[in-house]
Number of protein chains: 2
Amino acid sequence: MARPGSAAETPEPADESYDLAEQVGFIMRQAAQRHVSIFNEIMGSDLTPTQWAVLARLYQDGGSSQNLLGRQTAMDAATIKGVVDRLLKRKLVQTKPDPEDGRRLIVELSPAGVDYTRELLPKAETVTKVTLAPLATNQRATLIALLKQLR
Amino acid sequence: MARPGSAAETPEPADESYDLAEQVGFIMRQAAQRHVSIFNEIMGSDLTPTQWAVLARLYQDGGSSQNLLGRQTAMDAATIKGVVDRLLKRKLVQTKPDPEDGRRLIVELSPAGVDYTRELLPKAETVTKVTLAPLATNQRATLIALLKQLR
DNA sequence: TGATCCTCGTTCGTATACGAACGATATCCC
DNA sequence: GGGATATCGTTCGTATACGAACGAGGATCA
């Protein structure tokens, strides 16, 4: 009924053109939430999307320094540290100092981490499939192409 | 070089088809991060995207119960509480019990909150504009339409 | 060599995000 | 009326996310 809430005595909305529900950021946040929900259903609640990103990246390309790993998985230095620490605690990952650079900490999959990651790969593919299920095949490529441009 | 890290003695990648960098979830997370970064640059670091979502929603449609507000802004009950608490502390929002339902807490903009929100509306529009800047006009509508289908 | 600047990893503080459990209140329906 | 069920708000615990600051190590160049 009342426009800006009963506490305000202001007429004219000033800016009728702004609708939260139509802003990319808001819609993208909702789409991301839905994706995470699908991820949790399929992958199980014992692994998060970020943790999976680290495992998948290490599986694909082998070990790397912690900071580089963070860049490759879209996490800053503070965030990647927490993720690596939790994977360390579960022994899915192991670390060692870089002999060529005293600042660096090399992170790599443990043997158990390799097995675990390989077992989850089919499920991870399913996550993407289910997330994109509402779209037609050609729309999926379009969406991904457009999202890549926003990075 | 080495595939699954030097700690593993496993040949054959088992699943060459999975590339983290090509999964919707991962790309969407990066796009969302970029958007938040743009948001912070333009809106200033004293307001978060979620806090803005609450202000914008209340400005558009007036007060509502806390849980309903959460649903409208894509936050669960636990999350919306924290957001409302922080907005309360800044006196941008005020609450009162719902006379018709003893369980409900009505949340609405304070007069200062109305002014603050109105002042920020142009900047919020800029955020969307800058976020979508890499896309052609017709691509923007396409992206939004596709994202909506994933919710 | 030594001063300067950069990178790396760590820590702290704050803010989402959400599952789970809880008590209080409403509603439904026999 | 009263019991089963559902909703609302709250709290706790855990996991991203990231800015800011810090010390240790590396690279550059005079």
# chains A, B, ... in the order shown; residues from 1 in each chain; ligands from 1
>>> select_by_dssp(residues="chain A", states="strand (DSSP E or B)", output="PyMOL selection string")
chain A and resi 64-65+93-97+105-109
>>> select_by_dssp(residues="segment 61-112 of chain A", states="helix (DSSP H, G or I)", output="JSON, numbers by chain")
{"A": [61, 66, 67, 68, 69, 70, 71, 72, 77, 78, 79, 80, 81, 82, 83, 84, 85, 86, 87, 88, 89, 111, 112]}
>>> residues_around(residues="Leu58 of chain B", least_positions_apart="2", cutoff="8 Å", atoms="only C-alpha atoms (C1' of nucleotides)", output="PDB file with N, CA, C and O atoms, in the first residue's frame")
ATOM      1  N   PRO A   4       7.017   4.097   0.631  1.00  0.00           N
ATOM      2  CA  PRO A   4       8.255   3.783   1.338  1.00  0.00           C
ATOM      3  C   PRO A   4       8.024   3.464   2.816  1.00  0.00           C
ATOM      4  O   PRO A   4       8.755   3.894   3.654  1.00  0.00           O
ATOM      5  N   GLY A   5       6.996   2.747   3.138  1.00  0.00           N
ATOM      6  CA  GLY A   5       6.799   2.359   4.518  1.00  0.00           C
ATOM      7  C   GLY A   5       6.047   3.424   5.288  1.00  0.00           C
ATOM      8  O   GLY A   5       6.132   4.616   4.977  1.00  0.00           O
TER       9      GLY A   5
ATOM     10  N   VAL B  54      17.936  -5.279   1.017  1.00  0.00           N
ATOM     11  CA  VAL B  54      16.895  -5.066   2.029  1.00  0.00           C
ATOM     12  C   VAL B  54      16.352  -3.643   1.938  1.00  0.00           C
ATOM     13  O   VAL B  54      15.135  -3.426   1.914  1.00  0.00           O
ATOM     14  N   LEU B  55      17.244  -2.680   1.871  1.00  0.00           N
ATOM     15  CA  LEU B  55      16.800  -1.280   1.782  1.00  0.00           C
ATOM     16  C   LEU B  55      15.942  -1.071   0.534  1.00  0.00           C
ATOM     17  O   LEU B  55      14.871  -0.453   0.594  1.00  0.00           O
ATOM     18  N   ALA B  56      16.405  -1.579  -0.596  1.00  0.00           N
ATOM     19  CA  ALA B  56      15.681  -1.372  -1.853  1.00  0.00           C
ATOM     20  C   ALA B  56      14.300  -2.018  -1.806  1.00  0.00           C
ATOM     21  O   ALA B  56      13.306  -1.440  -2.255  1.00  0.00           O
ATOM     22  N   GLN B  60      10.773  -0.051  -2.029  1.00  0.00           N
ATOM     23  CA  GLN B  60       9.815  -0.315  -3.095  1.00  0.00           C
ATOM     24  C   GLN B  60       8.431  -0.686  -2.559  1.00  0.00           C
ATOM     25  O   GLN B  60       7.412  -0.196  -3.057  1.00  0.00           O
ATOM     26  N   ASP B  61       8.392  -1.546  -1.574  1.00  0.00           N
ATOM     27  CA  ASP B  61       7.116  -2.136  -1.175  1.00  0.00           C
ATOM     28  C   ASP B  61       6.711  -1.901   0.265  1.00  0.00           C
ATOM     29  O   ASP B  61       5.726  -2.476   0.728  1.00  0.00           O
ATOM     30  N   GLY B  62       7.482  -1.107   1.008  1.00  0.00           N
ATOM     31  CA  GLY B  62       7.120  -0.852   2.393  1.00  0.00           C
ATOM     32  C   GLY B  62       7.513  -1.994   3.310  1.00  0.00           C
ATOM     33  O   GLY B  62       8.120  -2.970   2.879  1.00  0.00           O
ATOM     34  N   GLY B  63       7.161  -1.864   4.585  1.00  0.00           N
ATOM     35  CA  GLY B  63       7.572  -2.843   5.586  1.00  0.00           C
ATOM     36  C   GLY B  63       6.916  -4.198   5.404  1.00  0.00           C
ATOM     37  O   GLY B  63       5.883  -4.337   4.742  1.00  0.00           O
ATOM     38  N   SER B  64       7.533  -5.200   5.993  1.00  0.00           N
ATOM     39  CA  SER B  64       6.959  -6.542   5.999  1.00  0.00           C
ATOM     40  C   SER B  64       7.582  -7.316   7.147  1.00  0.00           C
ATOM     41  O   SER B  64       8.495  -6.829   7.806  1.00  0.00           O
ATOM     42  N   GLU B 108      10.693  -2.052   8.823  1.00  0.00           N
ATOM     43  CA  GLU B 108      10.441  -0.997   7.841  1.00  0.00           C
ATOM     44  C   GLU B 108      11.580   0.007   7.860  1.00  0.00           C
ATOM     45  O   GLU B 108      12.374   0.058   8.790  1.00  0.00           O
ATOM     46  N   LEU B 109      11.656   0.802   6.804  1.00  0.00           N
ATOM     47  CA  LEU B 109      12.688   1.835   6.739  1.00  0.00           C
ATOM     48  C   LEU B 109      12.393   2.924   7.761  1.00  0.00           C
ATOM     49  O   LEU B 109      11.234   3.285   7.977  1.00  0.00           O
TER      50      LEU B 109
END
>>> closest_atom_pairs(of="chain A", to="chain C", cutoff="12 Å", atoms="only C-alpha atoms (C1' of nucleotides)", output="Markdown table")
| residue | atom | partner | partner_atom | distance |
| --- | --- | --- | --- | --- |
| A:Arg29 | CA | C:DA17 | C1' | 11.3 |
| A:Gln30 | CA | C:DA17 | C1' | 12.0 |
| A:Ala32 | CA | C:DA17 | C1' | 11.6 |
| A:Gln33 | CA | C:DA17 | C1' | 9.1 |
| A:Val36 | CA | C:DA17 | C1' | 10.5 |
| A:Ser37 | CA | C:DC18 | C1' | 10.0 |
| A:Asn40 | CA | C:DC18 | C1' | 11.3 |
| A:Ser45 | CA | C:DG19 | C1' | 9.9 |
| A:Ser65 | CA | C:DC8 | C1' | 9.1 |
| A:Gln66 | CA | C:DG9 | C1' | 8.2 |
| A:Asn67 | CA | C:DC8 | C1' | 7.2 |
| A:Leu68 | CA | C:DC8 | C1' | 9.8 |
| A:Gly70 | CA | C:DG9 | C1' | 11.9 |
| A:Asp76 | CA | C:DG9 | C1' | 11.6 |
| A:Ala77 | CA | C:DG9 | C1' | 7.8 |
| A:Ala78 | CA | C:DT10 | C1' | 8.1 |
| A:Thr79 | CA | C:DT10 | C1' | 11.3 |
| A:Ile80 | CA | C:DG9 | C1' | 10.6 |
| A:Lys81 | CA | C:DG9 | C1' | 8.4 |
| A:Gly82 | CA | C:DT10 | C1' | 10.6 |
| A:Pro97 | CA | C:DG9 | C1' | 11.3 |
| A:Asp98 | CA | C:DC8 | C1' | 11.3 |
| A:Asp101 | CA | C:DC8 | C1' | 9.5 |
| A:Gly102 | CA | C:DC8 | C1' | 8.9 |
| A:Arg103 | CA | C:DC8 | C1' | 5.2 |
| A:Arg104 | CA | C:DC8 | C1' | 5.9 |
| A:Leu105 | CA | C:DG9 | C1' | 7.9 |
| A:Ile106 | CA | C:DG9 | C1' | 11.3 |
>>> interface_residues(of="chain D", to="chain B", cutoff="12 Å", atoms="only C-alpha atoms (C1' of nucleotides)", output="number ranges by chain")
D: 7-12, 16-19
